[in-house]
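Student: Handing you this structure, nothing more for now.
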Amino acid sequence: MRPVVEIEQLSMEYVTGFWRNKRVRSLVDLSLEVYAGEVFGFLGHNGAGKTTTLKILMRIVYPTGGTARILGCPLDDMSMRRRIGYLPESPYFYDYLTGWELLDYFGRLCGLDAAQRARRIPEMLALVGMQHAAHRPLRKYSKGMLQRIGIAQAILHDPEVVFLDEPMTGLDPIGRREVRDIMANLRDQGKTVFFSTHILSDVEALCDRVAILKQGRRVAYGTLAEIQAGRAATLEIVATETTPEAVAALERFAARLRRTAAGLHCELKSADQVGEAVAELHRHGGRLVSIMPIKSALEEFFVRDETLSETF
């Protein structure tokens with residue numbers, strides 16, 4: 001599988017302070033590869049270096065060290081730019097234009113002729129659910145609507161690689177679901193999607209691989225299964241008719257107890273304790289509903305891993 005994005009030892013240092021005598025490193029020797037046809041998640045807290053990386057790839061800012069290539073081309077190759085799409089974190093568009101006029105403008109910048117624009121613009125508006133506001137000025141758009149039209153302009157010219165910086169920002173749950181579907185559809189078409197986010201559930205639902213940044217350094221890289229490998233699996237007991245004595249008995253085995261409409265959930269400290277915990281539950285009059293393995297959610301991984309405990 002060929003890499004379409006190659007980053008090697010990328011570093012970025014800013015000079016700050018009134019006397020311009022303080023140096024801040026926002027990226028430290030970042031290396032990674034993104035392969036054709038995958039959705040790649042770029043994770044990290046605010047200030048971790050995600051947007052800086054994307055700005056370097058877009059040639060908005062210039063690195064102080066390292067190299068990067070997109071589609072096998074150096075970053076200053078202008079012909080490569082026609083083959084990629086980009087949505088910045090906080091896009092600003094000419095707000096006196098309508099949604100249709102904005103896409104027509106970007107279509108012209110991308111070299112689409114009139115016939116191509118006439119075909120692609122309605123398709124993109126339908127894809128992001130903005131047909132009803134196509135002829136409304138952008139100044140009357142909500143934040144979520146601006147995000148949708150921004151996604152439409154990023155994929156208007158049918159790029160091979162799409163870079164999205166926090167694409168879920170400002171979207172309601174339905175909008176987030178629709179954007180996830182758009183990204184999955186791009187992958188099905190063989191496109192590559194590189195997106196930054198701090199919404200962990202979107203990463204779990206979408207990403208083939210991820211890279212995690214902390215203070216400008218890459219601290220994890222690979223598939224979610226690879227990142228979480230080696231961590232002990234746990235089991236959860238769900239019980240009903242739990243007397244105070246049964247609850248007290250389960251507390252000895254519990255890493256966490258919580259109640260829901262389904263009953264009492266007891267996450268065991270160790271899977272080896274399941275037999276003893278069930279026996280104690282029955283002895284004190286409780287009824288076992290289920291025993292289920294717990295899939296370690298990405299959020300739990302961040303909470304429990306000492307290296308990343310301050311990332312989110």
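Simple scheme: letters A, B, ... for chains in structure tokens order, numbers from 1 for residues in each chain, numbers from 1 for ligands in the order shown.
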Enumerate, as a list in words, the complete set of residues in range 106-211 of chain A that a backbone-based DSSP assignment places in strand (DSSP E or B).

Tutor: Pro137, Val161, Val162, Phe163, Leu164, Asp165, Thr192, Val193, Phe194, Phe195, Ser196, Thr197, Arg209, Val210 and Ala211 of chain A

Student: Write out as a VMD selection string all residues of range 189-299 of chain A that DSSP puts in alpha helix (DSSP H) for this structure's backbone.

Tutor: chain A and resid 200 to 206 224 to 228 244 to 251 274 to 283 298 to 299

Student: With C-alpha atoms retained, write the just-selected residues as a PDB file, in the first residue's frame.

Tutor:
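The result, stored in selection_22.pdb:
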```pdb
ATOM      1  CA  LEU A 200     -13.194  10.369  20.375  1.00  0.00           C
ATOM      2  CA  SER A 201     -16.442   8.647  19.402  1.00  0.00           C
ATOM      3  CA  ASP A 202     -16.028   9.867  15.808  1.00  0.00           C
ATOM      4  CA  VAL A 203     -12.532   8.384  15.705  1.00  0.00           C
ATOM      5  CA  GLU A 204     -13.785   5.023  16.963  1.00  0.00           C
ATOM      6  CA  ALA A 205     -16.596   5.012  14.403  1.00  0.00           C
ATOM      7  CA  LEU A 206     -14.530   6.061  11.381  1.00  0.00           C
ATOM      8  CA  LEU A 224      -6.921   1.436  17.621  1.00  0.00           C
ATOM      9  CA  ALA A 225      -6.368  -2.256  18.274  1.00  0.00           C
ATOM     10  CA  GLU A 226      -2.589  -1.788  18.083  1.00  0.00           C
ATOM     11  CA  ILE A 227      -2.660   1.215  20.400  1.00  0.00           C
ATOM     12  CA  GLN A 228      -4.764  -0.604  22.980  1.00  0.00           C
ATOM     13  CA  PRO A 244     -27.619  -3.977  50.113  1.00  0.00           C
ATOM     14  CA  GLU A 245     -25.697  -7.102  51.144  1.00  0.00           C
ATOM     15  CA  ALA A 246     -25.243  -8.133  47.495  1.00  0.00           C
ATOM     16  CA  VAL A 247     -24.000  -4.651  46.585  1.00  0.00           C
ATOM     17  CA  ALA A 248     -21.544  -4.706  49.474  1.00  0.00           C
ATOM     18  CA  ALA A 249     -20.291  -8.134  48.367  1.00  0.00           C
ATOM     19  CA  LEU A 250     -19.765  -6.978  44.774  1.00  0.00           C
ATOM     20  CA  GLU A 251     -17.877  -3.891  45.889  1.00  0.00           C
ATOM     21  CA  VAL A 274     -15.966 -13.556  37.730  1.00  0.00           C
ATOM     22  CA  GLY A 275     -16.752 -16.944  39.284  1.00  0.00           C
ATOM     23  CA  GLU A 276     -16.312 -15.749  42.847  1.00  0.00           C
ATOM     24  CA  ALA A 277     -18.271 -12.519  42.190  1.00  0.00           C
ATOM     25  CA  VAL A 278     -21.241 -14.411  40.692  1.00  0.00           C
ATOM     26  CA  ALA A 279     -21.235 -16.851  43.611  1.00  0.00           C
ATOM     27  CA  GLU A 280     -21.343 -13.947  46.093  1.00  0.00           C
ATOM     28  CA  LEU A 281     -24.148 -12.297  44.113  1.00  0.00           C
ATOM     29  CA  HIS A 282     -26.293 -15.450  44.268  1.00  0.00           C
ATOM     30  CA  ARG A 283     -25.478 -16.025  47.937  1.00  0.00           C
ATOM     31  CA  LEU A 298     -10.790   5.182  23.424  1.00  0.00           C
ATOM     32  CA  GLU A 299     -11.825   7.616  26.139  1.00  0.00           C
TER      33      GLU A 299
END
```

Student: Mind giving me the straight-line distance from CA of Arg217 in chain A to CA of Thr16 in chain A in Å, one decimal?

Tutor: 20.0 Å

Student: Check the smallest atom-to-atom distance from each of A:Ala115, A:Ala229, A:Met12, A:Ile7 to Ala68 in chain A using only C-alpha atoms, then report the winner.

Tutor: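 The closest residue to Ala68 in chain A is A:Ile7.
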
Student: What is the CA of Pro91 in chain A to CA of Leu138 in chain A distance in Å?

Tutor: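 Computing it gives 12.0 Å between the two atoms.
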
Student: Per residue of range 13-106 of chain A within 8 Å of range 144-164 of chain A, note the shortest atom pair and the distance in Å to one decimal, counting only C-alpha atoms, and order the rows by chain and increasing residue number, as JSON lines.

Tutor:
```
{"residue": "A:Leu54", "atom": "CA", "partner": "A:Phe163", "partner_atom": "CA", "distance": 7.6}
{"residue": "A:Arg82", "atom": "CA", "partner": "A:Pro159", "partner_atom": "CA", "distance": 7.3}
{"residue": "A:Arg83", "atom": "CA", "partner": "A:Pro159", "partner_atom": "CA", "distance": 4.7}
{"residue": "A:Ile84", "atom": "CA", "partner": "A:Pro159", "partner_atom": "CA", "distance": 4.7}
{"residue": "A:Gly85", "atom": "CA", "partner": "A:Ala154", "partner_atom": "CA", "distance": 4.6}
{"residue": "A:Tyr86", "atom": "CA", "partner": "A:Phe163", "partner_atom": "CA", "distance": 4.7}
{"residue": "A:Leu87", "atom": "CA", "partner": "A:Leu164", "partner_atom": "CA", "distance": 4.9}
{"residue": "A:Pro88", "atom": "CA", "partner": "A:Leu164", "partner_atom": "CA", "distance": 6.5}
{"residue": "A:Glu89", "atom": "CA", "partner": "A:Leu164", "partner_atom": "CA", "distance": 7.6}
{"residue": "A:Pro91", "atom": "CA", "partner": "A:Gly150", "partner_atom": "CA", "distance": 7.1}
{"residue": "A:Gly99", "atom": "CA", "partner": "A:Ile149", "partner_atom": "CA", "distance": 6.8}
{"residue": "A:Leu103", "atom": "CA", "partner": "A:Gln153", "partner_atom": "CA", "distance": 5.9}
{"residue": "A:Phe106", "atom": "CA", "partner": "A:Gln153", "partner_atom": "CA", "distance": 6.6}
```
